Every structure is written in C-alpha cells, then in structure tokens.
$ cat coords04.tsv   # TSV, C-alpha atoms
chain	number	residue	atom	x	y	z
X	1	MET	CA	80.77	222.85	-25.01
X	2	THR	CA	81.31	225.40	-27.74
X	3	GLN	CA	84.56	227.30	-27.42
X	4	PRO	CA	84.39	231.04	-26.64
X	5	GLY	CA	84.42	233.13	-29.79
X	6	ILE	CA	82.98	230.34	-31.92
X	7	HIS	CA	79.50	230.84	-33.31
X	8	THR	CA	77.39	227.70	-33.52
X	9	VAL	CA	74.97	227.28	-36.42
X	10	ARG	CA	71.64	226.67	-34.73
X	11	LEU	CA	68.85	224.62	-36.25
X	12	LYS	CA	65.67	226.59	-36.97
X	13	VAL	CA	62.51	224.54	-36.44
X	14	SER	CA	59.09	225.66	-37.67
X	15	PRO	CA	56.09	225.54	-35.30
X	16	ARG	CA	54.74	222.56	-37.26
X	17	ALA	CA	58.00	220.63	-36.93
X	18	ALA	CA	58.34	221.61	-33.26
X	19	LEU	CA	55.10	219.79	-32.46
X	20	ILE	CA	56.76	216.57	-33.67
X	21	VAL	CA	60.30	216.89	-32.37
X	22	GLY	CA	59.87	219.25	-29.44
X	23	PRO	CA	59.59	218.36	-25.74
X	24	GLY	CA	56.51	216.30	-24.95
X	25	ALA	CA	55.96	215.23	-28.56
X	26	SER	CA	53.92	212.09	-29.04
X	27	ARG	CA	55.90	208.94	-29.84
X	28	ASP	CA	53.17	207.90	-32.27
X	29	ASP	CA	53.58	211.18	-34.15
X	30	GLN	CA	57.36	210.79	-34.17
X	31	LEU	CA	57.16	207.25	-35.48
X	32	ALA	CA	54.66	208.29	-38.16
X	33	ALA	CA	56.92	211.17	-39.18
X	34	ALA	CA	59.96	208.90	-39.20
X	35	ARG	CA	58.12	206.59	-41.58
X	36	GLY	CA	57.16	209.52	-43.84
X	37	ALA	CA	53.48	209.08	-43.08
X	38	LEU	CA	52.78	212.69	-42.02
X	39	GLN	CA	51.99	215.43	-44.52
X	40	LEU	CA	54.97	217.78	-44.19
X	41	ASP	CA	56.49	220.16	-46.70
X	42	GLY	CA	60.02	219.45	-47.93
X	43	ALA	CA	61.86	221.66	-45.44
X	44	ASP	CA	59.90	220.43	-42.42
X	45	GLN	CA	60.18	216.83	-43.49
X	46	LEU	CA	63.96	217.04	-43.83
X	47	THR	CA	64.30	218.85	-40.50
X	48	VAL	CA	62.07	216.39	-38.67
X	49	LEU	CA	63.77	213.36	-40.17
X	50	GLY	CA	67.18	214.82	-39.37
X	51	VAL	CA	66.29	215.30	-35.72
X	52	LEU	CA	64.65	211.88	-35.46
X	53	CYS	CA	67.80	210.26	-36.82
X	54	ALA	CA	69.27	211.09	-33.38
X	55	SER	CA	66.32	209.70	-31.46
X	56	ALA	CA	67.05	207.54	-28.43
X	57	ASP	CA	64.14	205.36	-29.59
X	58	ALA	CA	65.79	202.74	-31.83
X	59	GLU	CA	62.62	202.11	-33.86
X	60	VAL	CA	62.10	205.81	-34.56
X	61	LYS	CA	65.77	206.30	-35.43
X	62	GLN	CA	65.90	203.36	-37.84
X	63	ALA	CA	62.67	204.44	-39.52
X	64	ALA	CA	63.96	208.00	-39.99
X	65	LEU	CA	67.24	206.79	-41.50
X	66	SER	CA	65.38	204.45	-43.83
X	67	THR	CA	63.00	207.19	-44.96
X	68	LEU	CA	65.82	209.63	-45.66
X	69	ARG	CA	67.60	207.00	-47.75
X	70	THR	CA	64.50	206.32	-49.86
X	71	THR	CA	62.81	209.73	-50.16
X	72	PRO	CA	62.49	210.55	-53.89
X	73	VAL	CA	65.05	213.04	-55.17
X	74	ALA	CA	62.26	215.22	-56.57
X	75	ALA	CA	60.83	215.64	-53.07
X	76	LEU	CA	64.19	216.82	-51.69
X	77	LEU	CA	65.32	219.18	-54.44
X	78	PRO	CA	63.04	222.14	-53.42
X	79	VAL	CA	64.69	222.14	-49.99
X	80	PHE	CA	67.95	223.33	-51.55
X	81	ASP	CA	66.29	226.62	-52.54
X	82	ASP	CA	66.63	227.76	-48.92
X	83	PRO	CA	70.07	229.39	-48.50
X	84	ALA	CA	69.72	229.16	-44.71
X	85	LEU	CA	69.44	225.37	-44.72
X	86	HIS	CA	71.29	223.97	-41.71
X	87	PRO	CA	74.75	222.71	-42.78
X	88	GLY	CA	74.26	219.62	-40.65
X	89	LEU	CA	71.22	218.62	-42.70
X	90	LEU	CA	73.31	218.88	-45.85
X	91	ASP	CA	76.00	216.75	-44.23
X	92	LEU	CA	73.41	214.17	-43.19
X	93	LEU	CA	72.09	213.94	-46.76
X	94	VAL	CA	75.61	213.51	-48.10
X	95	ARG	CA	76.33	210.61	-45.79
X	96	LEU	CA	73.04	208.86	-46.56
X	97	ARG	CA	72.68	209.68	-50.27
X	98	LEU	CA	76.28	209.89	-51.44
X	99	HIS	CA	75.58	208.19	-54.77
X	100	ASP	CA	72.62	210.38	-55.76
X	101	VAL	CA	74.53	212.58	-58.17
X	102	GLU	CA	71.70	215.10	-58.64
X	103	LEU	CA	71.43	215.69	-54.90
X	104	MET	CA	75.19	215.93	-54.49
X	105	ASP	CA	75.33	218.54	-57.26
X	106	ARG	CA	72.94	220.69	-55.24
X	107	VAL	CA	75.00	220.22	-52.09
X	108	ILE	CA	78.15	221.39	-53.89
X	109	ASP	CA	76.43	224.59	-55.00
X	110	HIS	CA	74.70	225.31	-51.70
X	111	PRO	CA	76.13	228.27	-49.72
X	112	ALA	CA	75.59	226.47	-46.40
X	113	ALA	CA	77.68	223.42	-47.31
X	114	SER	CA	80.46	223.18	-44.75
X	115	ALA	CA	84.14	222.58	-45.39
X	116	ALA	CA	83.89	219.17	-43.72
X	117	THR	CA	80.98	218.16	-45.95
X	118	LEU	CA	82.77	219.17	-49.13
X	119	SER	CA	85.92	217.39	-47.98
X	120	TYR	CA	83.91	214.24	-47.34
X	121	LEU	CA	82.48	214.47	-50.87
X	122	ALA	CA	85.95	214.98	-52.32
X	123	GLU	CA	87.24	211.87	-50.59
X	124	TRP	CA	84.32	209.44	-50.83
X	125	ALA	CA	81.95	210.53	-53.61
X	126	PRO	CA	81.71	208.62	-56.91
X	127	PRO	CA	83.72	209.95	-59.89
X	128	PRO	CA	80.88	212.05	-61.42
X	129	VAL	CA	80.53	213.99	-58.18
X	130	GLN	CA	84.30	214.42	-57.81
X	131	GLU	CA	84.41	215.77	-61.36
X	132	ARG	CA	81.64	218.18	-60.43
X	133	LEU	CA	83.70	219.34	-57.44
X	134	THR	CA	86.69	220.01	-59.67
X	135	ALA	CA	84.53	221.92	-62.17
X	136	SER	CA	83.06	224.02	-59.39
X	137	ARG	CA	86.54	224.83	-58.11
X	138	ASN	CA	87.63	225.90	-61.56
X	139	ARG	CA	84.61	228.20	-61.95
X	140	SER	CA	85.01	229.95	-58.67
X	141	SER	CA	87.95	231.56	-56.92
X	142	ALA	CA	85.83	232.67	-53.97
X	143	GLY	CA	87.39	230.16	-51.59
X	144	ARG	CA	84.61	227.58	-51.21
X	145	HIS	CA	86.92	225.22	-49.26
X	146	LEU	CA	87.21	222.88	-52.21
X	147	PRO	CA	90.35	220.76	-52.67
X	148	GLN	CA	92.96	222.61	-54.65
X	149	ASN	CA	94.77	219.71	-56.33
X	150	GLY	CA	92.19	217.45	-57.92
X	151	PRO	CA	89.43	215.48	-56.29
X	152	GLN	CA	91.52	214.07	-53.45
X	153	PRO	CA	91.80	216.58	-50.57
X	154	VAL	CA	95.24	217.82	-49.62
X	155	PRO	CA	95.05	219.12	-46.05
X	156	PRO	CA	97.05	222.15	-44.99
X	157	ALA	CA	99.80	221.68	-42.44
X	158	GLY	CA	98.45	220.94	-39.01
X	159	THR	CA	95.17	219.42	-40.10
X	160	SER	CA	94.10	215.83	-40.41
X	161	PRO	CA	93.39	214.17	-43.77
X	162	GLY	CA	89.95	215.08	-44.99
X	163	GLU	CA	89.72	218.15	-42.74
X	164	PHE	CA	89.92	221.75	-43.87
X	165	PRO	CA	89.89	224.89	-41.75
X	166	ASP	CA	86.68	226.89	-41.94
X	167	ASP	CA	87.49	230.60	-42.07
X	168	THR	CA	83.86	231.66	-41.68
X	169	GLY	CA	84.26	231.69	-37.90
X	170	GLU	CA	81.35	229.27	-37.52
X	171	GLU	CA	81.56	225.84	-36.03
X	172	GLN	CA	79.14	223.32	-37.45
X	173	GLU	CA	76.99	221.90	-34.69
X	174	PRO	CA	77.04	218.10	-34.79
X	175	PHE	CA	73.78	217.00	-36.44
X	176	PRO	CA	72.03	214.95	-35.42
X	177	ALA	CA	73.25	216.07	-32.00
X	178	ALA	CA	75.43	213.46	-30.35
X	179	VAL	CA	74.61	212.40	-26.81
X	180	ASP	CA	77.45	211.98	-24.36
X	181	GLY	CA	76.76	208.64	-22.75
X	182	ASN	CA	77.52	208.08	-19.10
X	183	PRO	CA	80.09	205.27	-18.78
X	184	GLY	CA	78.04	203.75	-16.01
X	185	GLU	CA	74.92	203.67	-18.16
X	186	LEU	CA	76.38	202.18	-21.34
X	187	GLU	CA	74.97	198.79	-22.11
X	188	GLU	CA	77.19	195.79	-22.69
X	189	VAL	CA	77.98	195.06	-26.32
X	190	CYS	CA	78.00	191.49	-27.56
X	191	ALA	CA	81.14	191.24	-29.69
X	192	GLU	CA	79.71	188.41	-31.80
X	193	ALA	CA	76.44	190.25	-32.49
X	194	LEU	CA	78.29	193.46	-33.38
X	195	ALA	CA	80.66	191.60	-35.71
X	196	ALA	CA	77.69	189.96	-37.43
X	197	ARG	CA	76.03	193.34	-37.86
X	198	LEU	CA	79.16	194.87	-39.38
X	199	GLN	CA	79.51	191.90	-41.74
X	200	GLU	CA	75.89	192.21	-42.83
X	201	ALA	CA	76.30	195.93	-43.49
X	202	GLU	CA	79.40	195.27	-45.60
X	203	GLU	CA	77.56	192.65	-47.64
X	204	GLN	CA	74.70	195.10	-48.24
X	205	GLY	CA	77.11	197.77	-49.46
X	206	VAL	CA	76.50	200.09	-46.49
X	207	SER	CA	79.61	202.21	-45.94
X	208	LYS	CA	81.16	202.64	-42.53
X	209	TYR	CA	80.32	206.34	-42.66
X	210	GLN	CA	76.64	205.46	-43.09
X	211	LEU	CA	76.69	202.68	-40.52
X	212	VAL	CA	78.24	204.82	-37.79
X	213	MET	CA	75.11	206.99	-37.75
X	214	GLU	CA	73.05	203.97	-36.70
X	215	LEU	CA	75.38	202.68	-33.99
X	216	LYS	CA	74.80	203.19	-30.30
X	217	VAL	CA	77.46	204.95	-28.23
X	218	SER	CA	78.47	201.67	-26.60
X	219	GLU	CA	78.90	200.05	-30.02
X	220	LYS	CA	81.01	202.95	-31.27
X	221	ILE	CA	83.25	202.64	-28.22
X	222	LYS	CA	83.69	198.92	-28.83
X	223	ILE	CA	84.65	199.49	-32.47
X	224	ALA	CA	86.87	202.45	-31.57
X	225	MET	CA	88.95	200.27	-29.27
X	226	THR	CA	89.35	197.38	-31.72
X	227	GLY	CA	88.64	198.70	-35.22
X	228	ASP	CA	90.96	199.10	-38.18
X	229	ARG	CA	92.51	202.32	-39.49
X	230	GLU	CA	89.40	203.35	-41.44
X	231	TRP	CA	87.20	202.96	-38.37
X	232	ARG	CA	89.69	204.93	-36.28
X	233	LYS	CA	89.72	207.73	-38.85
X	234	ILE	CA	85.94	207.97	-38.69
X	235	LEU	CA	85.46	207.62	-34.94
X	236	ILE	CA	88.26	210.00	-33.91
X	237	LYS	CA	86.02	212.77	-35.28
X	238	GLU	CA	83.04	211.77	-33.11
X	239	PRO	CA	82.00	214.63	-30.80
X	240	ASN	CA	81.35	212.17	-27.97
X	241	ARG	CA	84.38	212.17	-25.64
X	242	LEU	CA	83.90	208.52	-24.73
X	243	VAL	CA	84.11	207.52	-28.39
X	244	HIS	CA	87.07	209.57	-29.59
X	245	GLY	CA	88.86	208.81	-26.35
X	246	ALA	CA	88.42	205.09	-27.01
X	247	VAL	CA	90.17	205.47	-30.38
X	248	LEU	CA	93.35	206.51	-28.58
X	249	LYS	CA	93.10	203.35	-26.47
X	250	ASN	CA	93.04	201.17	-29.58
X	251	GLY	CA	96.04	198.85	-29.43
X	252	ARG	CA	96.60	199.16	-33.19
X	253	ILE	CA	96.73	202.94	-33.41
X	254	THR	CA	100.01	204.13	-34.92
X	255	GLU	CA	102.20	207.02	-33.82
X	256	ALA	CA	101.55	208.66	-37.20
X	257	GLU	CA	97.83	208.77	-36.33
X	258	VAL	CA	98.62	210.19	-32.89
X	259	VAL	CA	100.74	212.90	-34.54
X	260	MET	CA	97.75	213.93	-36.67
X	261	VAL	CA	95.55	214.11	-33.57
X	262	ALA	CA	98.14	216.22	-31.75
X	263	LYS	CA	98.35	218.58	-34.73
X	264	ASN	CA	94.58	218.98	-34.89
X	265	LYS	CA	93.84	222.15	-32.92
X	266	SER	CA	90.20	221.10	-32.51
X	267	ALA	CA	91.17	217.88	-30.72
X	268	SER	CA	89.54	217.78	-27.29
X	269	ASP	CA	91.28	218.19	-23.97
X	270	GLU	CA	90.52	214.51	-23.33
X	271	MET	CA	92.52	213.51	-26.42
X	272	VAL	CA	95.44	215.67	-25.35
X	273	ARG	CA	95.28	214.23	-21.83
X	274	LEU	CA	95.40	210.66	-23.12
X	275	ILE	CA	98.37	211.45	-25.36
X	276	LEU	CA	100.27	213.05	-22.47
X	277	LEU	CA	99.65	209.99	-20.32
X	278	ASN	CA	101.36	207.70	-22.83
X	279	ARG	CA	105.10	207.79	-22.19
X	280	GLU	CA	105.95	206.13	-25.49
X	281	TRP	CA	104.02	208.69	-27.49
X	282	VAL	CA	105.58	211.72	-25.80
X	283	LYS	CA	109.00	210.34	-26.70
X	284	ASN	CA	108.10	211.09	-30.32
X	285	TYR	CA	109.53	214.47	-31.32
X	286	GLU	CA	106.72	215.35	-33.73
X	287	ILE	CA	104.11	214.67	-31.04
X	288	ARG	CA	105.91	216.85	-28.48
X	289	LYS	CA	106.33	219.60	-31.05
X	290	ALA	CA	102.61	219.52	-31.89
X	291	LEU	CA	101.62	219.54	-28.21
X	292	VAL	CA	103.65	222.69	-27.57
X	293	THR	CA	101.30	224.71	-29.79
X	294	HIS	CA	98.09	222.84	-28.99
X	295	PRO	CA	95.63	225.11	-27.11
X	296	LYS	CA	94.49	222.23	-24.86
X	297	THR	CA	97.97	221.29	-23.61
X	298	PRO	CA	98.49	222.38	-19.98
X	299	LEU	CA	100.92	225.30	-19.98
X	300	PRO	CA	103.53	223.69	-17.67
X	301	ARG	CA	103.76	220.62	-19.95
X	302	ALA	CA	103.93	222.73	-23.10
X	303	MET	CA	106.73	224.88	-21.64
X	304	ARG	CA	108.64	221.77	-20.63
X	305	PHE	CA	108.50	220.47	-24.22
X	306	VAL	CA	109.84	223.77	-25.56
X	307	GLY	CA	113.30	222.83	-24.33
X	308	ASP	CA	113.25	219.75	-26.59
X	309	LEU	CA	112.73	221.69	-29.81
X	310	THR	CA	115.41	222.26	-32.43
X	311	LEU	CA	116.74	225.76	-33.05
X	312	ARG	CA	114.80	225.92	-36.29
X	313	ASP	CA	111.53	225.03	-34.57
X	314	LEU	CA	112.28	227.40	-31.69
X	315	LYS	CA	112.71	230.22	-34.17
X	316	GLU	CA	109.34	229.43	-35.76
X	317	LEU	CA	107.70	229.18	-32.35
X	318	MET	CA	109.02	232.62	-31.36
X	319	ARG	CA	107.16	234.12	-34.32
X	320	ASN	CA	103.98	232.07	-33.88
X	321	ARG	CA	101.13	234.43	-33.03
X	322	ASN	CA	98.79	231.58	-32.17
X	323	VAL	CA	100.60	230.58	-28.98
X	324	SER	CA	100.55	232.26	-25.58
X	325	ASN	CA	103.09	234.92	-24.65
X	326	ALA	CA	104.53	232.53	-22.07
X	327	ILE	CA	105.29	229.91	-24.72
X	328	ALA	CA	106.75	232.46	-27.14
X	329	SER	CA	108.91	234.00	-24.39
X	330	THR	CA	110.16	230.61	-23.26
X	331	ALA	CA	111.06	229.75	-26.85
X	332	ARG	CA	112.92	233.03	-27.22
X	333	ARG	CA	114.94	232.53	-24.04
X	334	GLU	CA	115.81	228.96	-25.02
X	335	PHE	CA	116.83	230.07	-28.51
X	336	GLU	CA	119.08	232.83	-27.12
X	337	ARG	CA	120.61	230.50	-24.52
X	338	ARG	CA	121.53	227.87	-27.10
X	339	SER	CA	122.73	230.43	-29.61
X	340	LYS	CA	125.19	231.86	-27.09
X	341	ARG	CA	126.46	228.37	-26.30
X	342	GLY	CA	126.69	227.55	-30.00
X	343	VAL	CA	124.41	224.51	-29.55
$ encode --input "coords04.tsv" --output "structure tokens"
Amino acid sequence: MTQPGIHTVRLKVSPRAALIVGPGASRDDQLAAARGALQLDGADQLTVLGVLCASADAEVKQAALSTLRTTPVAALLPVFDDPALHPGLLDLLVRLRLHDVELMDRVIDHPAASAATLSYLAEWAPPPVQERLTASRNRSSAGRHLPQNGPQPVPPAGTSPGEFPDDTGEEQEPFPAAVDGNPGELEEVCAEALAARLQEAEEQGVSKYQLVMELKVSEKIKIAMTGDREWRKILIKEPNRLVHGAVLKNGRITEAEVVMVAKNKSASDEMVRLILLNREWVKNYEIRKALVTHPKTPLPRAMRFVGDLTLRDLKELMRNRNVSNAIASTARREFERRSKRGV
C-alpha cells in the first residue's frame, strides 16, 4: 500500500493497448502481442510488453521478455520522445537491455528516469554508459540524482548501496506490478531444478537482475533464503513482503546487511518486525540506533532503545525533525538526566 503523502506514478494505457492488457482480454491476443506479432506503435508496444512481462501466464510472460530483449533499437528510440513515459518502463528496459549503449544514452537523458534506475546504471552498466553518466553529471547541476563521485554510486547516510533518495515526492510504482503471493498457494520449488536453471542462466550470460524478473514468487523466496550476498542485495528490494522477508531469514545474512535494512526508511514493517524478533540483532548498537528513528518501529520499542544511545547520539536525536515528538522528548529527558549525573 502506498504511504500517505506519496504520489504514485500511474501507467497510462491507450484504448488500443487496453484491449490487449485490460480485464477480459483474449489470451490469444496477449500471446500474439507478447511475441510482437500485433501491429502496435512504439509506445503501445512497449506498454503492452511491459505489462505482459508481469503476466501470470508463464508462456505469455516469457514471450514478452524475449521480445523486449530482441526488439530493434530503431523501433524503441521514438518512444523516448514522450516525456511522460512511465519510469517503470524505462527501468524495465534498463534491466533487459543494459548493454545497448544507444538505448541507455536515451534513458540517461530522459526526464522520467528515476533515481533507482540511474543508480542501477551507475553500478551495473558497461564502461561507455558509466562514462556517459559522468558526462551528464558534469553538464548539469540540476540535481538529476546522478552519483557525485564517479561512476560508482556513493549513497548518503541512512540509505542502502545503490539507493538514492528521490526528492520529487513521487514513489515509483513497481513495474511490472508485483503480485503478493499467498503462502498457502505458493507451489513447491524443486531445489535441483532451480539450481540447474540458475546455472544455465549464468552460462548464457544472463545477469541475476535480469533473471529475477522471470522467476516465480516461490522461486524468489527459495533463493532469498539460501542465496549469496548479491542475491540478497537484489531480493531485499522486492516489493513482495514474502520475498524480502525471506531475505532476513537467510542464514548467511550478516549484521552489516541488517544494519543497512534498519537504516533504510522505506523498509517495510515486516522487515522491521523480523529484525526486532531477532535477539542477536537487537544487541547490535547500530541496529538499535537505526530502529529508534525508523518510522515503522513500534513507538514503545523505539522509546526503549533511546535509553541505550550515547550522549552524542541523544543530542542528534533531540534535534532530529524526522522523528515523533515522543521520541525527541524522551531523548531530551534522557540527555538531561545523564548530563546531571555526569554519565
């Protein structure tokens, strides 16, 4: 659910595209569109393919992903002339066509490109695209959310690596829209078959960021609970609560990773709940400190952690305008109490 005060960027669908992706649309039409067999203009084709990439029909989804990966660059370039292009469509293109330098150049210059998309480019794009990012930064001082110290992103305090705050006040809607699976409806995942699929993808040069778009929710959960650091970094950002919650149940997750989650103000209440339930994690000072200011931490727990803070951190908390009055007042009383005692 979108947080109050946050504006979601909605996808605009033309009447022609709505006939293909709207309620009651024919599966045959969707499959034909996914295969690129329907006559659609550039904008409609990209929109339709983007929506079909989230289809529950595995055949339609795979066909749409394949078509987006192989659509000629010349057919996609006119789409970038629309300044109102959905930022999620740009992000989808980046993740599927990362090595198409000409397309990535257009993404960098597009006004709808989100902070997360540009950060992803900065971290994972090939050198020519990273150089283009640096050149764009040098040409503009308008605050386009580009990394400020070379091609590798340097996150501000309180954000996770590869994430940058978006001061536009808009929250990018996950695109294609993720579906929250019901735990009781998730199909069993064969560990051997999944491992073979991951191995095949690696041999074919398919990145984990590309592969994750093709995985089912149940497969993402399986990987989240057993995967390496790179998989955890990717899946912790999944909008599906079952997936990002599974990352925190991964036996290999480090306290440093948990600290980054606790510092991320957009982390869900489920993530915060799982952290609070782990006694070993809440023994970590940096985690407790981050939870004090996290908007999803229950107020009684946050106030309890205030008493553990150092005088220096209490002083900063007293002046923090992003915490509730109750937290700030508790910090002030604790600071004054210790100051009188000379603690």
$ atom_distance --input "coords04.tsv" --atom1 "atom CA of X:Ala112" --atom2 "atom CA of X:Ser55"
24.3 Å
$ axis_aligned_box --input "coords04.tsv" --around "stretch 56-66 of chain X" --padding-each-side "6 Å" --output "AutoDock Vina command-line options"
--center_x 64.7 --center_y 205.1 --center_z -36.1 --size_x 17.1 --size_y 17.9 --size_z 27.4
$ closest_residue --input "coords04.tsv" --among "X:Asn320, X:Thr254, X:Ser268, X:Gln39" --to "X:Leu242" --atoms "only C-alpha atoms"
X:Ser268
$ atom_distance --input "coords04.tsv" --atom1 "atom CA of X:Asp41" --atom2 "atom CA of X:Arg95"
22.0 Å
$ closest_residue --input "coords04.tsv" --among "X:Leu309, X:Leu211, X:Leu90, X:Ile221" --to "X:Arg106" --atoms "all atoms listed in the file"
X:Leu90
$ atom_distance --input "coords04.tsv" --atom1 "atom CA of X:Arg279" --atom2 "atom CA of X:His244"
19.6 Å
$ residues_around --input "coords04.tsv" --residues "X:Leu299" --least-positions-apart "4" --cutoff "9 Å" --atoms "all atoms listed in the file" --output "list in words"
Val292, Pro295, Met303, Arg304, Ser324, Ala326 and Ile327 of chain X
$ closest_residue --input "coords04.tsv" --among "X:Asn284, X:Thr293, X:Gln210, X:Thr330" --to "X:Leu65" --atoms "all atoms listed in the file"
X:Gln210
$ closest_residue --input "coords04.tsv" --among "X:Val323, X:Val51, X:Leu93, X:Leu198" --to "X:Val73" --atoms "only C-alpha atoms"
X:Leu93
$ residues_around --input "coords04.tsv" --residues "X:Met225" --least-positions-apart "3" --cutoff "6 Å" --atoms "all atoms listed in the file" --output "VMD selection string"
chain X and resid 222 246 to 247 249 to 250
$ decode --input "coords04.tsv" --residues "stretch 213-231 of chain X" --atoms "C-alpha atoms" --output "compact mmCIF listing (two decimals), in the first residue's frame"
# COMPACT_ATOMS: atom_id res chain seq x y z
CA MET X 213 12.21 -10.74 -13.49
CA GLU X 214 11.45 -14.21 -14.83
CA LEU X 215 11.30 -16.03 -11.50
CA LYS X 216 8.09 -17.01 -9.77
CA VAL X 217 7.41 -15.74 -6.26
CA SER X 218 8.07 -19.19 -4.81
CA GLU X 219 11.44 -19.35 -6.60
CA LYS X 220 12.41 -15.90 -5.34
CA ILE X 221 11.58 -16.96 -1.79
CA LYS X 222 13.72 -20.08 -2.14
CA ILE X 223 16.69 -18.07 -3.42
CA ALA X 224 16.14 -15.33 -0.82
CA MET X 225 16.50 -17.86 1.98
CA THR X 226 19.63 -19.54 0.62
CA GLY X 227 21.26 -17.15 -1.86
CA ASP X 228 24.57 -15.33 -1.67
CA ARG X 229 25.15 -11.66 -0.86
CA GLU X 230 24.40 -10.49 -4.41
CA TRP X 231 21.07 -12.32 -4.45
